[in-house]
Each structure stands twice: as structure tokens, then as C-alpha cells.
$ cat coords.cif   # mmCIF, C-alpha atoms and all ligand atoms; chains and numbers go by the auth columns
data_target
#
loop_
_atom_site.group_PDB
_atom_site.id
_atom_site.type_symbol
_atom_site.label_atom_id
_atom_site.label_comp_id
_atom_site.label_asym_id
_atom_site.label_seq_id
_atom_site.Cartn_x
_atom_site.Cartn_y
_atom_site.Cartn_z
_atom_site.B_iso_or_equiv
_atom_site.auth_seq_id
_atom_site.auth_asym_id
ATOM 1 C CA MET A 1 105.434 175.264 87.261 0.00 975 A
ATOM 2 C CA ALA A 2 107.736 172.422 88.185 0.00 976 A
ATOM 3 C CA ILE A 3 107.590 168.779 89.145 0.00 977 A
ATOM 4 C CA HIS A 4 109.446 168.068 92.389 0.00 978 A
ATOM 5 C CA GLU A 5 111.104 164.888 93.593 0.00 979 A
ATOM 6 C CA ILE A 6 108.974 163.000 96.141 0.00 980 A
ATOM 7 C CA LEU A 7 110.790 161.797 99.267 0.00 981 A
ATOM 8 C CA GLU A 8 110.308 158.116 100.058 0.00 982 A
ATOM 9 C CA PHE A 9 110.136 156.187 103.337 0.00 983 A
ATOM 10 C CA PRO A 10 112.390 155.784 105.335 0.00 984 A
ATOM 11 C CA ASP A 11 113.886 159.186 104.384 0.00 985 A
ATOM 12 C CA PRO A 12 114.377 161.003 107.734 0.00 986 A
ATOM 13 C CA ARG A 13 113.293 164.311 106.149 0.00 987 A
ATOM 14 C CA LEU A 14 109.719 162.906 106.137 0.00 988 A
ATOM 15 C CA ARG A 15 109.891 163.201 109.956 0.00 989 A
ATOM 16 C CA THR A 16 110.197 167.009 109.894 0.00 990 A
ATOM 17 C CA ILE A 17 107.367 168.975 111.518 0.00 991 A
ATOM 18 C CA ALA A 18 106.121 171.640 109.091 0.00 992 A
ATOM 19 C CA LYS A 19 105.779 175.317 110.039 0.00 993 A
ATOM 20 C CA SER A 20 102.565 177.337 109.675 0.00 994 A
ATOM 21 C CA VAL A 21 102.198 179.591 106.637 0.00 995 A
ATOM 22 C CA ASP A 22 101.828 183.162 107.876 0.00 996 A
ATOM 23 C CA GLU A 23 100.861 184.843 104.589 0.00 997 A
ATOM 24 C CA VAL A 24 99.319 183.389 101.425 0.00 998 A
ATOM 25 C CA ASN A 25 101.371 185.285 98.827 0.00 999 A
ATOM 26 C CA ASP A 26 102.431 184.573 95.228 0.00 1000 A
ATOM 27 C CA GLU A 27 105.334 182.438 96.426 0.00 1001 A
ATOM 28 C CA VAL A 28 102.893 180.171 98.315 0.00 1002 A
ATOM 29 C CA ARG A 29 100.522 180.086 95.311 0.00 1003 A
ATOM 30 C CA SER A 30 103.423 179.070 93.064 0.00 1004 A
ATOM 31 C CA LEU A 31 104.266 176.283 95.515 0.00 1005 A
ATOM 32 C CA LEU A 32 100.598 175.125 95.445 0.00 1006 A
ATOM 33 C CA ASP A 33 100.787 174.890 91.637 0.00 1007 A
ATOM 34 C CA ASP A 34 104.045 172.901 91.792 0.00 1008 A
ATOM 35 C CA MET A 35 102.545 170.552 94.382 0.00 1009 A
ATOM 36 C CA LEU A 36 99.445 169.950 92.246 0.00 1010 A
ATOM 37 C CA GLU A 37 101.578 169.363 89.157 0.00 1011 A
ATOM 38 C CA THR A 38 103.793 166.932 91.107 0.00 1012 A
ATOM 39 C CA MET A 39 100.743 165.103 92.509 0.00 1013 A
ATOM 40 C CA TYR A 40 99.065 164.770 89.075 0.00 1014 A
ATOM 41 C CA ASP A 41 102.332 163.645 87.465 0.00 1015 A
ATOM 42 C CA ALA A 42 102.774 160.938 90.122 0.00 1016 A
ATOM 43 C CA GLY A 43 99.141 159.791 89.886 0.00 1017 A
ATOM 44 C CA GLY A 44 98.304 160.678 93.495 0.00 1018 A
ATOM 45 C CA ILE A 45 95.097 161.909 95.129 0.00 1019 A
ATOM 46 C CA GLY A 46 96.819 163.892 97.879 0.00 1020 A
ATOM 47 C CA LEU A 47 100.227 165.418 98.587 0.00 1021 A
ATOM 48 C CA ALA A 48 101.649 167.259 101.598 0.00 1022 A
ATOM 49 C CA ALA A 49 104.490 169.798 101.195 0.00 1023 A
ATOM 50 C CA THR A 50 106.655 167.631 103.499 0.00 1024 A
ATOM 51 C CA GLN A 51 106.760 164.987 100.755 0.00 1025 A
ATOM 52 C CA ILE A 52 108.638 167.375 98.430 0.00 1026 A
ATOM 53 C CA ASN A 53 110.954 168.472 101.272 0.00 1027 A
ATOM 54 C CA VAL A 54 109.158 171.801 101.824 0.00 1028 A
ATOM 55 C CA HIS A 55 108.331 172.083 105.499 0.00 1029 A
ATOM 56 C CA GLN A 56 105.310 174.375 105.400 0.00 1030 A
ATOM 57 C CA ARG A 57 101.767 173.422 106.410 0.00 1031 A
ATOM 58 C CA ILE A 58 100.276 172.924 102.943 0.00 1032 A
ATOM 59 C CA VAL A 59 98.239 170.041 101.471 0.00 1033 A
ATOM 60 C CA VAL A 60 96.887 169.583 97.944 0.00 1034 A
ATOM 61 C CA MET A 61 94.323 167.028 96.834 0.00 1035 A
ATOM 62 C CA ASP A 62 92.135 165.923 93.947 0.00 1036 A
ATOM 63 C CA LEU A 63 89.593 163.211 94.715 0.00 1037 A
ATOM 64 C CA SER A 64 87.681 163.556 91.442 0.00 1038 A
ATOM 65 C CA GLU A 65 87.401 160.821 88.811 0.00 1039 A
ATOM 66 C CA GLU A 66 88.346 163.253 86.040 0.00 1040 A
ATOM 67 C CA ARG A 67 91.303 164.742 87.985 0.00 1041 A
ATOM 68 C CA ASN A 68 90.016 168.244 87.391 0.00 1042 A
ATOM 69 C CA GLU A 69 89.008 169.337 90.907 0.00 1043 A
ATOM 70 C CA PRO A 70 92.195 170.551 92.604 0.00 1044 A
ATOM 71 C CA ARG A 71 91.793 171.472 96.281 0.00 1045 A
ATOM 72 C CA VAL A 72 94.232 173.160 98.611 0.00 1046 A
ATOM 73 C CA PHE A 73 94.412 173.308 102.402 0.00 1047 A
ATOM 74 C CA ILE A 74 96.792 175.816 103.989 0.00 1048 A
ATOM 75 C CA ASN A 75 97.417 175.456 107.756 0.00 1049 A
ATOM 76 C CA PRO A 76 94.825 172.649 107.978 0.00 1050 A
ATOM 77 C CA GLU A 77 93.351 171.722 111.370 0.00 1051 A
ATOM 78 C CA VAL A 78 91.299 168.571 111.836 0.00 1052 A
ATOM 79 C CA THR A 79 88.905 167.782 114.683 0.00 1053 A
ATOM 80 C CA PRO A 80 87.430 164.264 114.809 0.00 1054 A
ATOM 81 C CA LEU A 81 83.604 164.296 115.021 0.00 1055 A
ATOM 82 C CA THR A 82 83.106 160.624 115.887 0.00 1056 A
ATOM 83 C CA GLU A 83 84.680 158.097 118.188 0.00 1057 A
ATOM 84 C CA GLU A 84 83.826 155.533 115.570 0.00 1058 A
ATOM 85 C CA GLY A 85 86.746 154.263 113.530 0.00 1059 A
ATOM 86 C CA HIS A 86 86.637 153.531 109.848 0.00 1060 A
ATOM 87 C CA THR A 87 89.054 151.197 108.057 0.00 1061 A
ATOM 88 C CA TYR A 88 90.487 152.194 104.702 0.00 1062 A
ATOM 89 C CA GLN A 89 93.272 150.626 102.676 0.00 1063 A
ATOM 90 C CA GLU A 90 95.729 153.517 102.418 0.00 1064 A
ATOM 91 C CA GLY A 91 98.665 154.085 100.137 0.00 1065 A
ATOM 92 C CA CYS A 92 101.126 156.963 99.890 0.00 1066 A
ATOM 93 C CA LEU A 93 103.301 158.474 97.167 0.00 1067 A
ATOM 94 C CA SER A 94 106.146 158.304 99.717 0.00 1068 A
ATOM 95 C CA VAL A 95 105.583 154.552 100.227 0.00 1069 A
ATOM 96 C CA PRO A 96 105.138 153.460 96.591 0.00 1070 A
ATOM 97 C CA GLY A 97 103.681 150.032 95.916 0.00 1071 A
ATOM 98 C CA PHE A 98 102.368 149.346 99.442 0.00 1072 A
ATOM 99 C CA TYR A 99 98.754 149.513 100.630 0.00 1073 A
ATOM 100 C CA GLU A 100 97.584 148.606 104.130 0.00 1074 A
ATOM 101 C CA ASP A 101 94.459 148.999 106.267 0.00 1075 A
ATOM 102 C CA VAL A 102 94.455 151.977 108.662 0.00 1076 A
ATOM 103 C CA ILE A 103 91.670 152.860 111.125 0.00 1077 A
ATOM 104 C CA ARG A 104 90.849 156.567 111.579 0.00 1078 A
ATOM 105 C CA PRO A 105 87.837 158.599 112.770 0.00 1079 A
ATOM 106 C CA GLU A 106 85.089 158.380 110.152 0.00 1080 A
ATOM 107 C CA ARG A 107 83.995 162.039 110.253 0.00 1081 A
ATOM 108 C CA CYS A 108 85.963 165.178 110.985 0.00 1082 A
ATOM 109 C CA LEU A 109 85.795 168.956 110.801 0.00 1083 A
ATOM 110 C CA ILE A 110 88.451 170.599 108.639 0.00 1084 A
ATOM 111 C CA LYS A 111 89.503 174.219 109.200 0.00 1085 A
ATOM 112 C CA ALA A 112 91.988 175.634 106.704 0.00 1086 A
ATOM 113 C CA THR A 113 92.876 178.625 104.527 0.00 1087 A
ATOM 114 C CA ASP A 114 92.362 178.698 100.746 0.00 1088 A
ATOM 115 C CA ARG A 115 94.610 180.003 97.951 0.00 1089 A
ATOM 116 C CA ASP A 116 93.214 183.530 98.378 0.00 1090 A
ATOM 117 C CA GLY A 117 94.116 183.526 102.065 0.00 1091 A
ATOM 118 C CA LYS A 118 90.471 183.101 103.076 0.00 1092 A
ATOM 119 C CA PRO A 119 89.674 180.774 106.014 0.00 1093 A
ATOM 120 C CA PHE A 120 87.078 178.046 105.439 0.00 1094 A
ATOM 121 C CA GLU A 121 85.527 175.127 107.315 0.00 1095 A
ATOM 122 C CA GLU A 122 84.189 171.877 105.973 0.00 1096 A
ATOM 123 C CA GLN A 123 82.772 168.689 107.452 0.00 1097 A
ATOM 124 C CA ALA A 124 84.426 165.652 105.939 0.00 1098 A
ATOM 125 C CA THR A 125 83.427 161.984 105.595 0.00 1099 A
ATOM 126 C CA GLY A 126 84.518 159.163 103.324 0.00 1100 A
ATOM 127 C CA LEU A 127 87.653 159.557 101.230 0.00 1101 A
ATOM 128 C CA LEU A 128 88.047 163.264 102.042 0.00 1102 A
ATOM 129 C CA ALA A 129 88.141 162.482 105.774 0.00 1103 A
ATOM 130 C CA VAL A 130 90.701 159.710 105.247 0.00 1104 A
ATOM 131 C CA CYS A 131 92.854 161.811 102.947 0.00 1105 A
ATOM 132 C CA ILE A 132 92.978 164.998 105.043 0.00 1106 A
ATOM 133 C CA GLN A 133 93.925 163.003 108.157 0.00 1107 A
ATOM 134 C CA HIS A 134 96.631 161.132 106.201 0.00 1108 A
ATOM 135 C CA GLU A 135 98.023 164.408 104.787 0.00 1109 A
ATOM 136 C CA LEU A 136 97.899 166.244 108.126 0.00 1110 A
ATOM 137 C CA ASP A 137 99.971 163.397 109.591 0.00 1111 A
ATOM 138 C CA HIS A 138 102.677 164.173 106.975 0.00 1112 A
ATOM 139 C CA LEU A 139 102.849 167.784 108.201 0.00 1113 A
ATOM 140 C CA ASN A 140 103.463 166.362 111.686 0.00 1114 A
ATOM 141 C CA GLY A 141 106.186 163.988 110.466 0.00 1115 A
ATOM 142 C CA LYS A 142 103.974 160.931 110.599 0.00 1116 A
ATOM 143 C CA LEU A 143 103.370 158.236 107.943 0.00 1117 A
ATOM 144 C CA PHE A 144 100.592 155.653 107.543 0.00 1118 A
ATOM 145 C CA VAL A 145 103.155 152.874 108.076 0.00 1119 A
ATOM 146 C CA ASP A 146 103.507 154.138 111.677 0.00 1120 A
ATOM 147 C CA TYR A 147 100.042 152.635 112.361 0.00 1121 A
ATOM 148 C CA LEU A 148 101.203 149.162 111.277 0.00 1122 A
ATOM 149 C CA SER A 149 102.966 146.494 113.348 0.00 1123 A
ATOM 150 C CA ASN A 150 106.759 146.849 113.633 0.00 1124 A
ATOM 151 C CA MET A 151 107.028 143.686 111.591 0.00 1125 A
ATOM 152 C CA LYS A 152 104.959 145.035 108.677 0.00 1126 A
ATOM 153 C CA ARG A 153 106.685 148.433 108.767 0.00 1127 A
ATOM 154 C CA ASP A 154 110.168 146.835 108.807 0.00 1128 A
ATOM 155 C CA ARG A 155 109.292 144.606 105.889 0.00 1129 A
ATOM 156 C CA ILE A 156 108.170 147.649 103.867 0.00 1130 A
ATOM 157 C CA ARG A 157 111.286 149.599 104.918 0.00 1131 A
ATOM 158 C CA LYS A 158 113.631 146.798 103.833 0.00 1132 A
ATOM 159 C CA LYS A 159 111.914 146.403 100.450 0.00 1133 A
ATOM 160 C CA LEU A 160 112.052 150.140 99.754 0.00 1134 A
ATOM 161 C CA GLU A 161 115.692 150.401 100.888 0.00 1135 A
ATOM 162 C CA LYS A 162 116.546 147.579 98.502 0.00 1136 A
ATOM 163 C CA GLU A 163 114.695 149.355 95.685 0.00 1137 A
ATOM 164 C CA HIS A 164 116.522 152.634 96.476 0.00 1138 A
ATOM 165 C CA LYS A 165 119.907 150.855 96.341 0.00 1139 A
ATOM 166 C CA ARG A 166 118.938 149.236 93.039 0.00 1140 A
ATOM 167 C CA ARG A 167 117.946 152.622 91.578 0.00 1141 A
ATOM 168 C CA ALA A 168 121.184 154.232 92.761 0.00 1142 A
ATOM 169 C CA GLY A 169 123.044 151.547 90.795 0.00 1143 A
HETATM 170 C C1 LIG B . 96.868 159.453 100.545 0.00 1 B
HETATM 171 O O1 LIG B . 97.873 158.751 98.572 0.00 1 B
HETATM 172 C C2 LIG B . 95.665 158.582 100.668 0.00 1 B
HETATM 173 O O2 LIG B . 101.794 153.304 96.083 0.00 1 B
HETATM 174 C C3 LIG B . 97.208 159.847 99.133 0.00 1 B
HETATM 175 O O3 LIG B . 102.498 153.270 93.500 0.00 1 B
HETATM 176 C C4 LIG B . 95.701 157.262 100.243 0.00 1 B
HETATM 177 O O4 LIG B . 97.842 159.644 96.536 0.00 1 B
HETATM 178 C C5 LIG B . 94.531 159.054 101.207 0.00 1 B
HETATM 179 C C6 LIG B . 100.051 156.297 94.957 0.00 1 B
HETATM 180 C C7 LIG B . 94.572 156.469 100.357 0.00 1 B
HETATM 181 C C8 LIG B . 93.415 158.282 101.313 0.00 1 B
HETATM 182 C C9 LIG B . 93.430 156.987 100.882 0.00 1 B
HETATM 183 C C10 LIG B . 100.538 155.292 95.777 0.00 1 B
HETATM 184 C C11 LIG B . 100.408 156.277 93.633 0.00 1 B
HETATM 185 C C12 LIG B . 99.235 157.396 95.477 0.00 1 B
HETATM 186 C C13 LIG B . 101.336 154.289 95.287 0.00 1 B
HETATM 187 C C14 LIG B . 98.167 158.730 97.243 0.00 1 B
HETATM 188 C C15 LIG B . 101.697 154.281 93.935 0.00 1 B
HETATM 189 C C16 LIG B . 101.225 155.282 93.108 0.00 1 B
HETATM 190 C C17 LIG B . 98.922 157.568 96.768 0.00 1 B
HETATM 191 CO CO CO B . 101.084 160.127 102.017 0.00 2 B
#

$ encode --input "coords.cif" --output "C-alpha cells" --more "lines below"
Ligand code: QAP
Ligand code: CO
Amino acid sequence: MAIHEILEFPDPRLRTIAKSVDEVNDEVRSLLDDMLETMYDAGGIGLAATQINVHQRIVVMDLSEERNEPRVFINPEVTPLTEEGHTYQEGCLSVPGFYEDVIRPERCLIKATDRDGKPFEEQATGLLAVCIQHELDHLNGKLFVDYLSNMKRDRIRKKLEKEHKRRAG
């Protein structure tokens, strides 16, 4: 297992569109383990492969209090089940330190493949619905800051760029 570096906004690699996984083999399972380890290490609840510069359609998540319920979604597809929007204050490991309200459909149907290569479907509400939609956006090169005003997004970009320069010394 290995902890990977997490790309941060405005890194252009976060804009890459991920490719479908065509076979769930040991290499993919090893990647799932690395992603979970990276997510737990960073204190996140969800991570898309895009965020570690791997451009395959894979998402990992753990929404449990105890951080002992890892979930994986390979080639996830999401269909909204309501017109109704729900506001949630989102954050992102790729936008550290910033949290802003985003409106998304409240309920959705998730179709994905599990770590044994078996397809599954699940209806999602609440945090799971928010998280899967946020993570699927990553696989399509989209970030939650894209839903904000240009002014808010630019302010976040400038602060992170400054922080990146500081870190680089
Ligand atoms: C996406 O986000 C998400 O800024 C997952 O300093 C967020 O795991 C889905 C994190 C909200 C649904 C609701 C962010 C950790 C983690 C930070 C995360 C930070 C440390 C974000
Ligand atoms: Co994110």
C-alpha cells in the first residue's frame, strides 16, 4: 500500500477526464487500497482517482463515524431522481481549507462496479448523494469551486497559489 500525493486546485491535471476501467484486476484492487489509504491519511470522506493523478473512473469513500466502512465505486454512473435541489457545505481534499455551499439533486441512483467486478445499484440520499455527485464530477474534470461565482473561485485560487508558492520555498 502507498500514500499518494493529492493534486490541489488550480492544478490543470484535475481537469483531465478519466477513462473507464475495463477489467477489475489485481492492479485495480491495489489502486483501490492506495486510494483508501491516501483518503484516510488525509482525513477525507471521499477521493476520486483523478485527485492522485490517476485518470481512471474510480471513487473511494468512507462516510462512517468510526472510519471503518470503506466503499468503492468503479465506473460510477449517477442519475438524479429529483428535480429538488439540496444545499450542502462542501469541501475537497484538492481545495484544502475552503468550504462553500453547493446545490445538487437531493436523491440519485448510483450504478457502479465493486472490487470483485460485480455491478451494483443503490439509491442515494443525504451525504452519500452529495459525495458521489462531488466525486463523479472529479472524474469529469470538474471541481466544486466551479459552482461558485468567479469572484469566490478566484479568491480561493489566489490563496491556494500563494500557499503553494510558500510551500515551494
Ligand atoms: C467530498 O471531501 C465531499 O479542506 C469529500 O482541510 C465533501 O473528503 C462530499 C477535507 C463534503 C460531500 C460533502 C477537506 C479534509 C476533506 C479540507 C473531503 C481539509 C481536510 C474533504
Ligand atoms: Co473533491

$ closest_residue --input "coords.cif" --among "A:Thr1087, A:Asn1027, A:Thr1056, A:Ser1068" --to "A:Ala1103" --atoms "all atoms listed in the file"
A:Thr1056

$ residues_near_ligand --input "coords.cif" --ligand "ligand LIG 1 (chain B)" --cutoff "6 Å" --atoms "only C-alpha atoms and all ligand atoms" --output "PyMOL selection string"
chain A and resi 1017-1020+1064-1067+1069-1072+1101+1104-1105+1108

$ resolve_selection --input "coords.cif" --expression "the PyMOL selection byres (((chain A and resi 1030) around 9) and not hetatm)" --output "JSON, numbers by chain"
{"A": [991, 992, 993, 994, 995, 1022, 1023, 1024, 1028, 1029, 1031, 1032, 1048, 1049, 1113]}

$ closest_atom_pairs --input "coords.cif" --of "stretch 1044-1106 of chain A" --to "stretch 1034-1039 of chain A" --cutoff "8 Å" --atoms "all atoms listed in the file" --output "JSON lines"
{"residue": "A:Pro1044", "atom": "CA", "partner": "A:Asp1036", "partner_atom": "CA", "distance": 4.8}
{"residue": "A:Arg1045", "atom": "CA", "partner": "A:Met1035", "partner_atom": "CA", "distance": 5.1}
{"residue": "A:Val1046", "atom": "CA", "partner": "A:Val1034", "partner_atom": "CA", "distance": 4.5}
{"residue": "A:Phe1047", "atom": "CA", "partner": "A:Val1034", "partner_atom": "CA", "distance": 6.3}
{"residue": "A:Leu1101", "atom": "CA", "partner": "A:Leu1037", "partner_atom": "CA", "distance": 7.7}
{"residue": "A:Leu1102", "atom": "CA", "partner": "A:Leu1037", "partner_atom": "CA", "distance": 7.5}

$ closest_residue --input "coords.cif" --among "A:Tyr1073, A:Tyr1014, A:Phe1118, A:Phe1094" --to "ligand CO 2 (chain B)" --atoms "only C-alpha atoms and all ligand atoms"
A:Phe1118

$ resolve_selection --input "coords.cif" --expression "the PyMOL selection byres (((chain A and resi 1053) around 8) and not hetatm)" --output "list in words"
Glu1051, Val1052, Pro1054, Leu1055, Cys1082, Leu1083 and Ile1084 of chain A

$ residues_around --input "coords.cif" --residues "A:Val998" --least-positions-apart "5" --cutoff "8 Å" --atoms "only C-alpha atoms" --output "ChimeraX atom specification"
/A:1003,1089-1091

$ closest_residue --input "coords.cif" --among "A:Glu1095, A:Glu1135, A:Asp1075, A:Glu1080" --to "A:His1060" --atoms "all atoms listed in the file"
A:Glu1080

$ atom_distance --input "coords.cif" --atom1 "atom CA of A:Arg1041" --atom2 "atom CA of A:Leu1005"
18.9 Å

$ residues_around --input "coords.cif" --residues "A:Gly1115" --least-positions-apart "4" --cutoff "6 Å" --atoms "all atoms listed in the file" --output "list of chain:residue names"
A:Leu988, A:Arg989, A:Thr990, A:Ile991

$ residues_around --input "coords.cif" --residues "A:Glu1074" --least-positions-apart "6" --cutoff "12 Å" --atoms "all atoms listed in the file" --output "NGL selection string"
:A and (1061-1066 or 1117-1123 or 1126-1127 or 1130)

$ axis_aligned_box --input "coords.cif" --around "stretch 1042-1060 of chain A" --padding-each-side "6 Å" --output "JSON"
{"center_x": 90.3, "center_y": 164.7, "center_z": 102.8, "size_x": 26.3, "size_y": 34.3, "size_z": 42.8}

$ closest_residue --input "coords.cif" --among "A:Leu1010, A:Glu979, A:Glu1057, A:Val1002" --to "A:Ile1026" --atoms "only C-alpha atoms"
A:Glu979

$ atom_distance --input "coords.cif" --atom1 "atom CA of A:Asp1015" --atom2 "atom CA of A:Glu1137"
20.6 Å

$ closest_residue --input "coords.cif" --among "A:Arg987, A:Lys1116, A:Arg1078, A:Lys1085" --to "ligand CO 2 (chain B)" --atoms "all atoms listed in the file"
A:Lys1116

$ closest_residue --input "coords.cif" --among "A:Glu1001, A:Ala976, A:Phe983, A:Glu1011" --to "A:Arg1129" --atoms "all atoms listed in the file"
A:Phe983

$ atom_distance --input "coords.cif" --atom1 "atom CA of A:Val1076" --atom2 "atom CA of A:Pro984"
18.6 Å

$ decode --input "coords.cif" --residues "stretch 1008-1031 of chain A" --atoms "N, CA, C and O atoms" --output "PDB file, in the first residue's frame"
ATOM      1  N   ASP A1008      -4.598   1.786  -2.252  1.00  0.00           N
ATOM      2  CA  ASP A1008      -3.789   3.016  -2.144  1.00  0.00           C
ATOM      3  C   ASP A1008      -4.682   4.238  -1.987  1.00  0.00           C
ATOM      4  O   ASP A1008      -4.371   5.151  -1.213  1.00  0.00           O
ATOM      5  N   MET A1009      -5.779   4.270  -2.753  1.00  0.00           N
ATOM      6  CA  MET A1009      -6.690   5.420  -2.671  1.00  0.00           C
ATOM      7  C   MET A1009      -7.318   5.517  -1.285  1.00  0.00           C
ATOM      8  O   MET A1009      -7.430   6.602  -0.711  1.00  0.00           O
ATOM      9  N   LEU A1010      -7.736   4.368  -0.735  1.00  0.00           N
ATOM     10  CA  LEU A1010      -8.335   4.372   0.605  1.00  0.00           C
ATOM     11  C   LEU A1010      -7.297   4.815   1.636  1.00  0.00           C
ATOM     12  O   LEU A1010      -7.585   5.648   2.503  1.00  0.00           O
ATOM     13  N   GLU A1011      -6.088   4.298   1.517  1.00  0.00           N
ATOM     14  CA  GLU A1011      -5.036   4.675   2.464  1.00  0.00           C
ATOM     15  C   GLU A1011      -4.754   6.183   2.381  1.00  0.00           C
ATOM     16  O   GLU A1011      -4.603   6.857   3.402  1.00  0.00           O
ATOM     17  N   THR A1012      -4.714   6.701   1.158  1.00  0.00           N
ATOM     18  CA  THR A1012      -4.457   8.134   0.941  1.00  0.00           C
ATOM     19  C   THR A1012      -5.598   8.976   1.522  1.00  0.00           C
ATOM     20  O   THR A1012      -5.359   9.991   2.181  1.00  0.00           O
ATOM     21  N   MET A1013      -6.840   8.511   1.296  1.00  0.00           N
ATOM     22  CA  MET A1013      -8.010   9.238   1.817  1.00  0.00           C
ATOM     23  C   MET A1013      -8.014   9.243   3.350  1.00  0.00           C
ATOM     24  O   MET A1013      -8.220  10.290   3.968  1.00  0.00           O
ATOM     25  N   TYR A1014      -7.769   8.091   3.968  1.00  0.00           N
ATOM     26  CA  TYR A1014      -7.752   8.015   5.444  1.00  0.00           C
ATOM     27  C   TYR A1014      -6.633   8.881   6.006  1.00  0.00           C
ATOM     28  O   TYR A1014      -6.821   9.599   6.987  1.00  0.00           O
ATOM     29  N   ASP A1015      -5.460   8.820   5.381  1.00  0.00           N
ATOM     30  CA  ASP A1015      -4.304   9.591   5.845  1.00  0.00           C
ATOM     31  C   ASP A1015      -4.598  11.092   5.816  1.00  0.00           C
ATOM     32  O   ASP A1015      -4.181  11.833   6.700  1.00  0.00           O
ATOM     33  N   ALA A1016      -5.339  11.522   4.782  1.00  0.00           N
ATOM     34  CA  ALA A1016      -5.631  12.948   4.599  1.00  0.00           C
ATOM     35  C   ALA A1016      -6.865  13.386   5.393  1.00  0.00           C
ATOM     36  O   ALA A1016      -7.191  14.570   5.432  1.00  0.00           O
ATOM     37  N   GLY A1017      -7.571  12.433   6.003  1.00  0.00           N
ATOM     38  CA  GLY A1017      -8.764  12.776   6.774  1.00  0.00           C
ATOM     39  C   GLY A1017      -9.962  13.125   5.913  1.00  0.00           C
ATOM     40  O   GLY A1017     -10.805  13.926   6.295  1.00  0.00           O
ATOM     41  N   GLY A1018     -10.062  12.491   4.729  1.00  0.00           N
ATOM     42  CA  GLY A1018     -11.180  12.760   3.830  1.00  0.00           C
ATOM     43  C   GLY A1018     -12.293  11.734   3.955  1.00  0.00           C
ATOM     44  O   GLY A1018     -12.111  10.670   4.551  1.00  0.00           O
ATOM     45  N   ILE A1019     -13.462  12.070   3.373  1.00  0.00           N
ATOM     46  CA  ILE A1019     -14.575  11.115   3.340  1.00  0.00           C
ATOM     47  C   ILE A1019     -14.752  10.529   1.947  1.00  0.00           C
ATOM     48  O   ILE A1019     -15.442   9.530   1.769  1.00  0.00           O
ATOM     49  N   GLY A1020     -14.127  11.161   0.949  1.00  0.00           N
ATOM     50  CA  GLY A1020     -14.229  10.660  -0.420  1.00  0.00           C
ATOM     51  C   GLY A1020     -13.008  11.081  -1.217  1.00  0.00           C
ATOM     52  O   GLY A1020     -12.403  12.126  -0.931  1.00  0.00           O
ATOM     53  N   LEU A1021     -12.627  10.240  -2.181  1.00  0.00           N
ATOM     54  CA  LEU A1021     -11.476  10.555  -3.037  1.00  0.00           C
ATOM     55  C   LEU A1021     -11.705   9.936  -4.415  1.00  0.00           C
ATOM     56  O   LEU A1021     -12.097   8.773  -4.520  1.00  0.00           O
ATOM     57  N   ALA A1022     -11.459  10.714  -5.449  1.00  0.00           N
ATOM     58  CA  ALA A1022     -11.537  10.211  -6.827  1.00  0.00           C
ATOM     59  C   ALA A1022     -10.108  10.009  -7.338  1.00  0.00           C
ATOM     60  O   ALA A1022      -9.186  10.741  -6.945  1.00  0.00           O
ATOM     61  N   ALA A1023      -9.918   9.015  -8.210  1.00  0.00           N
ATOM     62  CA  ALA A1023      -8.570   8.690  -8.716  1.00  0.00           C
ATOM     63  C   ALA A1023      -7.898   9.916  -9.340  1.00  0.00           C
ATOM     64  O   ALA A1023      -6.689  10.111  -9.191  1.00  0.00           O
ATOM     65  N   THR A1024      -8.677  10.752 -10.014  1.00  0.00           N
ATOM     66  CA  THR A1024      -8.177  11.997 -10.613  1.00  0.00           C
ATOM     67  C   THR A1024      -7.321  12.801  -9.627  1.00  0.00           C
ATOM     68  O   THR A1024      -6.312  13.384 -10.016  1.00  0.00           O
ATOM     69  N   GLN A1025      -7.736  12.803  -8.364  1.00  0.00           N
ATOM     70  CA  GLN A1025      -7.057  13.623  -7.353  1.00  0.00           C
ATOM     71  C   GLN A1025      -5.641  13.139  -7.043  1.00  0.00           C
ATOM     72  O   GLN A1025      -4.845  13.889  -6.494  1.00  0.00           O
ATOM     73  N   ILE A1026      -5.344  11.857  -7.373  1.00  0.00           N
ATOM     74  CA  ILE A1026      -3.962  11.378  -7.215  1.00  0.00           C
ATOM     75  C   ILE A1026      -3.313  11.198  -8.597  1.00  0.00           C
ATOM     76  O   ILE A1026      -2.378  10.420  -8.742  1.00  0.00           O
ATOM     77  N   ASN A1027      -3.847  11.923  -9.587  1.00  0.00           N
ATOM     78  CA  ASN A1027      -3.275  11.939 -10.939  1.00  0.00           C
ATOM     79  C   ASN A1027      -3.345  10.581 -11.633  1.00  0.00           C
ATOM     80  O   ASN A1027      -2.486  10.248 -12.451  1.00  0.00           O
ATOM     81  N   VAL A1028      -4.375   9.792 -11.299  1.00  0.00           N
ATOM     82  CA  VAL A1028      -4.639   8.526 -11.988  1.00  0.00           C
ATOM     83  C   VAL A1028      -5.977   8.720 -12.688  1.00  0.00           C
ATOM     84  O   VAL A1028      -6.995   8.972 -12.034  1.00  0.00           O
ATOM     85  N   HIS A1029      -5.973   8.651 -14.019  1.00  0.00           N
ATOM     86  CA  HIS A1029      -7.161   9.078 -14.746  1.00  0.00           C
ATOM     87  C   HIS A1029      -8.026   7.911 -15.190  1.00  0.00           C
ATOM     88  O   HIS A1029      -8.260   7.671 -16.359  1.00  0.00           O
ATOM     89  N   GLN A1030      -8.471   7.160 -14.167  1.00  0.00           N
ATOM     90  CA  GLN A1030      -9.381   6.029 -14.333  1.00  0.00           C
ATOM     91  C   GLN A1030     -10.622   6.297 -13.485  1.00  0.00           C
ATOM     92  O   GLN A1030     -10.540   6.945 -12.435  1.00  0.00           O
ATOM     93  N   ARG A1031     -11.769   5.734 -13.948  1.00  0.00           N
ATOM     94  CA  ARG A1031     -13.040   6.072 -13.289  1.00  0.00           C
ATOM     95  C   ARG A1031     -13.237   5.244 -12.014  1.00  0.00           C
ATOM     96  O   ARG A1031     -13.932   4.233 -11.997  1.00  0.00           O
TER      97      ARG A1031
END
